[in-house]
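S.K.: So here's entry-v9.tsv (TSV, C-alpha atoms).
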```tsv
chain	number	residue	atom	x	y	z
A	399	MET	CA	-0.86	126.67	153.45
A	400	GLY	CA	-3.20	126.07	156.38
A	401	ILE	CA	-3.43	122.89	158.45
A	402	THR	CA	-6.65	121.79	156.74
A	403	GLU	CA	-5.20	122.26	153.26
A	404	ARG	CA	-2.06	120.38	154.24
A	405	LYS	CA	-4.13	117.46	155.56
A	406	ILE	CA	-6.12	117.33	152.33
A	407	LYS	CA	-2.91	117.32	150.28
A	408	ASP	CA	-1.36	114.61	152.43
A	409	LYS	CA	-4.50	112.51	152.06
A	410	GLU	CA	-4.44	112.91	148.28
A	411	LYS	CA	-0.78	111.89	148.16
A	412	ILE	CA	-1.48	108.73	150.16
A	413	LYS	CA	-4.42	107.83	147.92
A	414	GLU	CA	-2.30	108.37	144.82
A	415	LYS	CA	0.42	106.15	146.23
A	416	ILE	CA	-2.14	103.44	146.99
A	417	LEU	CA	-3.64	103.63	143.49
A	418	GLN	CA	-0.27	103.56	141.72
A	419	ALA	CA	0.86	100.54	143.71
A	420	ALA	CA	-2.48	98.78	143.26
A	421	ILE	CA	-2.56	99.08	139.48
A	422	LYS	CA	0.93	97.58	139.23
A	423	LEU	CA	-0.05	94.66	141.45
A	424	PHE	CA	-3.41	94.07	139.73
A	425	VAL	CA	-1.78	94.02	136.29
A	426	LYS	CA	1.22	91.90	137.36
A	427	ASP	CA	-0.38	89.43	139.77
A	428	GLY	CA	-4.10	89.57	138.93
A	429	PHE	CA	-6.85	91.09	141.04
A	430	ASP	CA	-7.69	87.84	142.86
A	431	ASN	CA	-4.09	87.39	143.97
A	432	VAL	CA	-3.75	90.81	145.56
A	433	SER	CA	-4.74	91.40	149.17
A	434	MET	CA	-4.90	94.59	151.17
A	435	ARG	CA	-1.98	93.28	153.22
A	436	LYS	CA	0.07	92.65	150.08
A	437	LEU	CA	-0.72	96.17	148.95
A	438	SER	CA	0.29	97.61	152.31
A	439	GLU	CA	3.64	95.81	152.08
A	440	LYS	CA	4.17	97.25	148.61
A	441	ILE	CA	3.77	100.86	149.76
A	442	GLN	CA	5.12	100.26	153.29
A	443	TYR	CA	2.02	101.53	155.04
A	444	SER	CA	-0.03	99.64	157.60
A	445	PRO	CA	-3.23	97.95	156.32
A	446	GLY	CA	-5.11	100.28	158.64
A	447	THR	CA	-3.85	103.31	156.74
A	448	ILE	CA	-5.20	101.88	153.48
A	449	TYR	CA	-8.56	101.10	155.10
A	450	LEU	CA	-8.85	104.75	156.10
A	451	HIS	CA	-9.08	105.57	152.38
A	452	TYR	CA	-10.62	102.44	150.83
A	453	LYS	CA	-12.95	99.93	152.43
A	454	ASP	CA	-11.64	97.03	150.30
A	455	LYS	CA	-9.65	96.25	147.15
A	456	GLU	CA	-12.86	96.31	145.08
A	457	SER	CA	-13.30	100.01	145.84
A	458	ILE	CA	-9.69	100.60	144.77
A	459	LEU	CA	-10.30	98.74	141.51
A	460	PHE	CA	-13.48	100.72	140.86
A	461	GLU	CA	-11.67	104.03	141.34
A	462	LEU	CA	-8.84	102.90	139.06
A	463	HIS	CA	-11.32	101.91	136.36
A	464	THR	CA	-13.14	105.22	136.70
A	465	ILE	CA	-9.93	107.26	136.46
A	466	ALA	CA	-8.71	105.20	133.50
A	467	PHE	CA	-11.91	105.60	131.52
A	468	GLN	CA	-12.11	109.32	132.29
A	469	LYS	CA	-8.63	109.72	130.83
A	470	PHE	CA	-9.57	107.48	127.90
A	471	TYR	CA	-12.74	109.45	127.18
A	472	ALA	CA	-10.80	112.73	127.29
A	473	ALA	CA	-8.21	111.35	124.85
A	474	LEU	CA	-10.88	110.20	122.39
A	475	SER	CA	-12.80	113.47	122.73
A	476	ASN	CA	-9.87	115.37	121.23
A	477	ALA	CA	-11.02	114.04	117.85
A	478	LEU	CA	-14.42	115.73	118.09
A	479	ASP	CA	-13.10	119.00	116.65
A	480	GLU	CA	-12.87	117.27	113.26
A	481	ARG	CA	-16.16	117.98	111.48
A	482	ASN	CA	-15.71	115.48	108.65
A	483	PRO	CA	-16.97	112.22	110.24
A	484	ILE	CA	-14.79	109.83	108.20
A	485	LYS	CA	-11.67	111.84	109.11
A	486	ARG	CA	-12.89	112.00	112.71
A	487	LEU	CA	-13.21	108.21	112.70
A	488	GLU	CA	-9.57	107.84	111.66
A	489	GLN	CA	-8.53	110.36	114.33
A	490	LEU	CA	-10.48	108.42	116.96
A	491	GLY	CA	-8.57	105.31	115.98
A	492	GLN	CA	-5.25	107.12	116.27
A	493	ASN	CA	-6.20	108.65	119.63
A	494	TYR	CA	-7.29	105.23	120.90
A	495	LEU	CA	-3.95	103.67	120.02
A	496	GLU	CA	-1.92	106.57	121.40
A	497	PHE	CA	-3.79	106.37	124.71
A	498	ALA	CA	-3.10	102.64	124.96
A	499	TRP	CA	0.62	103.03	124.31
A	500	GLN	CA	1.02	106.03	126.60
A	501	ASN	CA	-0.96	104.35	129.41
A	502	PRO	CA	-0.21	100.61	129.11
A	503	GLU	CA	-1.06	99.76	132.72
A	504	TYR	CA	-4.38	101.57	132.60
A	505	TYR	CA	-5.20	99.97	129.24
A	506	ASP	CA	-4.25	96.52	130.51
A	507	LEU	CA	-6.50	96.99	133.52
A	508	MET	CA	-9.36	98.31	131.36
A	509	PHE	CA	-9.39	95.83	128.50
A	510	ILE	CA	-6.87	93.00	128.85
A	511	ASN	CA	-6.45	91.90	132.45
A	512	ASN	CA	-9.22	89.73	133.82
A	513	CYS	CA	-10.27	92.08	136.60
A	514	VAL	CA	-13.48	94.06	136.13
A	515	SER	CA	-14.95	95.96	139.04
A	516	ALA	CA	-18.24	94.42	140.17
A	517	SER	CA	-19.39	97.91	141.16
A	518	ILE	CA	-19.46	98.92	137.49
A	519	ALA	CA	-22.51	96.74	136.89
A	520	LYS	CA	-24.39	98.74	139.52
A	521	GLU	CA	-23.78	102.07	137.79
A	522	ASP	CA	-26.70	103.28	135.65
A	523	GLU	CA	-24.52	105.61	133.60
A	524	TRP	CA	-20.90	104.59	133.67
A	525	ILE	CA	-18.28	106.61	131.82
A	526	GLY	CA	-16.80	103.52	130.19
A	527	MET	CA	-19.85	103.24	127.97
A	528	ASP	CA	-19.48	106.88	126.93
A	529	SER	CA	-16.19	106.01	125.23
A	530	TYR	CA	-17.83	103.37	123.06
A	531	GLY	CA	-20.67	105.83	122.51
A	532	LEU	CA	-18.24	108.35	120.96
A	533	LEU	CA	-17.16	105.76	118.42
A	534	HIS	CA	-20.75	104.71	117.75
A	535	GLN	CA	-21.89	108.31	117.27
A	536	THR	CA	-19.05	109.04	114.85
A	537	ILE	CA	-19.88	105.99	112.75
A	538	ASN	CA	-23.54	106.97	112.86
A	539	ASP	CA	-22.50	110.42	111.56
A	540	CYS	CA	-20.55	108.66	108.80
A	541	ALA	CA	-23.74	106.85	107.86
A	542	GLU	CA	-25.73	110.09	107.83
A	543	HIS	CA	-23.17	111.57	105.42
A	544	GLY	CA	-23.22	108.53	103.15
A	545	TYR	CA	-19.79	107.15	104.05
A	546	ILE	CA	-21.14	103.99	105.67
A	547	SER	CA	-24.36	102.08	105.07
A	548	LYS	CA	-26.96	102.84	107.75
A	549	HIS	CA	-27.54	99.10	108.02
A	550	ASP	CA	-23.90	98.56	108.99
A	551	VAL	CA	-23.53	101.05	111.85
A	552	GLU	CA	-23.47	98.45	114.65
A	553	THR	CA	-21.19	96.09	112.72
A	554	ALA	CA	-18.83	98.90	111.70
A	555	THR	CA	-18.65	100.21	115.29
A	556	PHE	CA	-17.77	96.80	116.67
A	557	SER	CA	-15.29	96.13	113.85
A	558	MET	CA	-13.48	99.42	114.45
A	559	TRP	CA	-13.27	98.81	118.19
A	560	ALA	CA	-12.07	95.22	117.73
A	561	PHE	CA	-9.44	96.40	115.23
A	562	VAL	CA	-7.82	99.08	117.39
A	563	HIS	CA	-8.12	96.95	120.53
A	564	GLY	CA	-6.39	94.07	118.80
A	565	ILE	CA	-3.47	96.22	117.69
A	566	ALA	CA	-3.15	97.90	121.09
A	567	SER	CA	-3.16	94.55	122.89
A	568	LEU	CA	-0.57	93.01	120.57
A	569	VAL	CA	1.80	95.93	121.09
A	570	ILE	CA	1.31	96.24	124.86
A	571	LYS	CA	1.81	92.51	125.40
A	572	LYS	CA	4.83	92.52	123.05
A	573	ARG	CA	3.36	89.89	120.75
A	574	ILE	CA	4.87	91.53	117.66
A	575	SER	CA	8.28	92.45	119.01
A	576	GLY	CA	9.99	90.96	115.94
A	577	ILE	CA	8.94	93.94	113.82
A	578	LYS	CA	11.10	97.07	113.95
A	579	GLU	CA	9.39	100.09	115.55
A	580	GLU	CA	9.52	102.24	112.42
A	581	GLU	CA	8.11	99.45	110.27
A	582	LEU	CA	5.46	98.68	112.89
A	583	ASN	CA	4.29	102.30	113.02
A	584	HIS	CA	4.03	102.29	109.23
A	585	LEU	CA	2.04	99.04	109.27
A	586	ILE	CA	-0.32	100.28	111.96
A	587	GLN	CA	-1.06	103.59	110.23
A	588	GLY	CA	-1.50	101.77	106.93
A	589	SER	CA	-3.81	99.20	108.51
A	590	LEU	CA	-5.95	101.91	110.10
A	591	LYS	CA	-6.30	103.73	106.77
A	592	PHE	CA	-7.07	100.41	105.06
A	593	LEU	CA	-9.93	99.70	107.48
A	594	ILE	CA	-11.36	103.21	107.12
A	595	ASN	CA	-11.19	102.94	103.32
A	596	THR	CA	-12.84	99.52	103.47
A	597	LEU	CA	-15.69	100.88	105.58
A	598	ASN	CA	-16.06	103.94	103.32
A	599	ILE	CA	-18.65	102.92	100.71
A	600	LYS	CA	-18.04	106.15	98.78
A	601	ASN	CA	-14.67	104.67	97.81
A	602	HIS	CA	-16.41	101.56	96.47
A	603	LYS	CA	-18.84	103.62	94.39
A	604	HIS	CA	-15.97	105.68	92.99
A	605	LYS	CA	-14.10	102.54	91.91
A	606	LYS	CA	-17.16	101.30	90.06
```
Take the structure in the file and give it back as structure tokens.
M.R.:
Amino acid sequence: MGITERKIKDKEKIKEKILQAAIKLFVKDGFDNVSMRKLSEKIQYSPGTIYLHYKDKESILFELHTIAFQKFYAALSNALDERNPIKRLEQLGQNYLEFAWQNPEYYDLMFINNCVSASIAKEDEWIGMDSYGLLHQTINDCAEHGYISKHDVETATFSMWAFVHGIASLVIKKRISGIKEEELNHLIQGSLKFLINTLNIKNHKHKK
């Protein structure tokens, strides 16, 4: 490995250390209560070292949000191989929940903690909206195939997002710790299927 490559690797390691420490502090203490000095104490680097990589804590938050939503989008995209839109919708829900539980700090930063990067508002095409777009497109496909009323696409999209977000938040924040894990998994899978079946108007027609 040459000197240049080693310097690049060292720089990447420092940035990764900064980001990992920052997300823990942002989630635990809140964005407003974290300073660059507090962050430097956490990773035992001088504030000057951090400023070499990030101009302020807002730029750190923006990068964390971008990384988190890129990972989130990739996780949801795994459902796109399913051609049947109503089955794809259920898979999206499962992928959403799995991402949240496997990445609780990222999810907290993205959707629960009250710290949203101001830089996001300045982005014309931000990847966070692409994630919601995947869900919207799948429900639109469901409507095109007669599973969901075309008049209910927006409502169904929001309902599905609110549903999985609610479950993910309850689990991450340990608001339902009284339920055994095996029973909870059964309830969650059953609830997801229940919502999909409720949205699926073909089921209603069949019952009639």
S.K.: For the atom pair atom CA of Pro502 of chain A and atom CA of Ser475 of chain A, what is the interatomic distance in Å to one decimal place?
M.R.: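 Result for atom CA of Pro502 of chain A versus atom CA of Ser475 of chain A: 19.1 Å, one decimal.
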S.K.: Env of Ser567 of chain A: 10 Å cut, atoms = all atoms listed in the file, seq-sep filter 6 positions within chain, self excluded. Answer as a list in words.
M.R.: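 The residues satisfying every condition are Leu495, Ala498, Trp499, Pro502, Tyr505, Asp506, Phe509, Ile510 and Arg573 of chain A.
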S.K.: Can I get the selection written as a PDB file, in the coordinates of the input, with C-alpha atoms?
M.R.:
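Output contents, as saved in part28.pdb:
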```
ATOM      1  CA  LEU A 495      -3.950 103.670 120.020  1.00  0.00           C
ATOM      2  CA  ALA A 498      -3.100 102.640 124.960  1.00  0.00           C
ATOM      3  CA  TRP A 499       0.620 103.030 124.310  1.00  0.00           C
ATOM      4  CA  PRO A 502      -0.210 100.610 129.110  1.00  0.00           C
ATOM      5  CA  TYR A 505      -5.200  99.970 129.240  1.00  0.00           C
ATOM      6  CA  ASP A 506      -4.250  96.520 130.510  1.00  0.00           C
ATOM      7  CA  PHE A 509      -9.390  95.830 128.500  1.00  0.00           C
ATOM      8  CA  ILE A 510      -6.870  93.000 128.850  1.00  0.00           C
ATOM      9  CA  ARG A 573       3.360  89.890 120.750  1.00  0.00           C
TER      10      ARG A 573
END
```
S.K.: Excluding segment 489-494 of chain A and residues on its chain fewer than 5 positions from it, collect all residues at most 7 Å away from it, counting all atoms listed in the file, and give them as a CSV table (one decimal) with C-alpha atoms, keeping the file's coordinate frame.
M.R.:
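File written: around-v4.csv
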```
chain,number,residue,atom,x,y,z
A,473,ALA,CA,-8.2,111.4,124.8
A,474,LEU,CA,-10.9,110.2,122.4
A,477,ALA,CA,-11.0,114.0,117.8
A,562,VAL,CA,-7.8,99.1,117.4
```
S.K.: Which residues of segment 420-523 of chain A have any atom within 8 Å of an atom in segment 535-551 of chain A when counting only C-alpha atoms, and what is the closest pair of atoms for each, with the distance in Å to one decimal? Order the rows by chain and rising number and write it as a Markdown table.
M.R.:
```
| residue | atom | partner | partner_atom | distance |
| --- | --- | --- | --- | --- |
| A:Pro483 | CA | A:Cys540 | CA | 5.3 |
| A:Ile484 | CA | A:Cys540 | CA | 5.9 |
| A:Arg486 | CA | A:Thr536 | CA | 7.2 |
| A:Leu487 | CA | A:Thr536 | CA | 6.3 |
```
S.K.: Skip Met508 of chain A itself and residues of its chain fewer than 3 positions away, then list as a list of chain:residue names all residues within 8 Å of it, counting all atoms listed in the file.
M.R.: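 Neighbouring residues, sequence-local ones excluded: A:His463, A:Ala466, A:Phe467, A:Tyr504, A:Tyr505, A:Asn511, A:Val514.
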S.K.: Measuring between only C-alpha atoms, which one of A:Ala554, A:Val425, A:Leu532, A:Leu478 shows the shortest distance to Lys571 of chain A?
M.R.: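 Among A:Ala554, A:Val425, A:Leu532, A:Leu478, it is A:Val425 that comes nearest to Lys571 of chain A.
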S.K.: For a quick check of understanding, using all atoms listed in the file, which of A:Asp427, A:Glu488, A:Asp528, A:Glu403 has the smallest distance to Ala472 of chain A?
M.R.: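 For Ala472 of chain A, the nearest of the given residues is A:Asp528.
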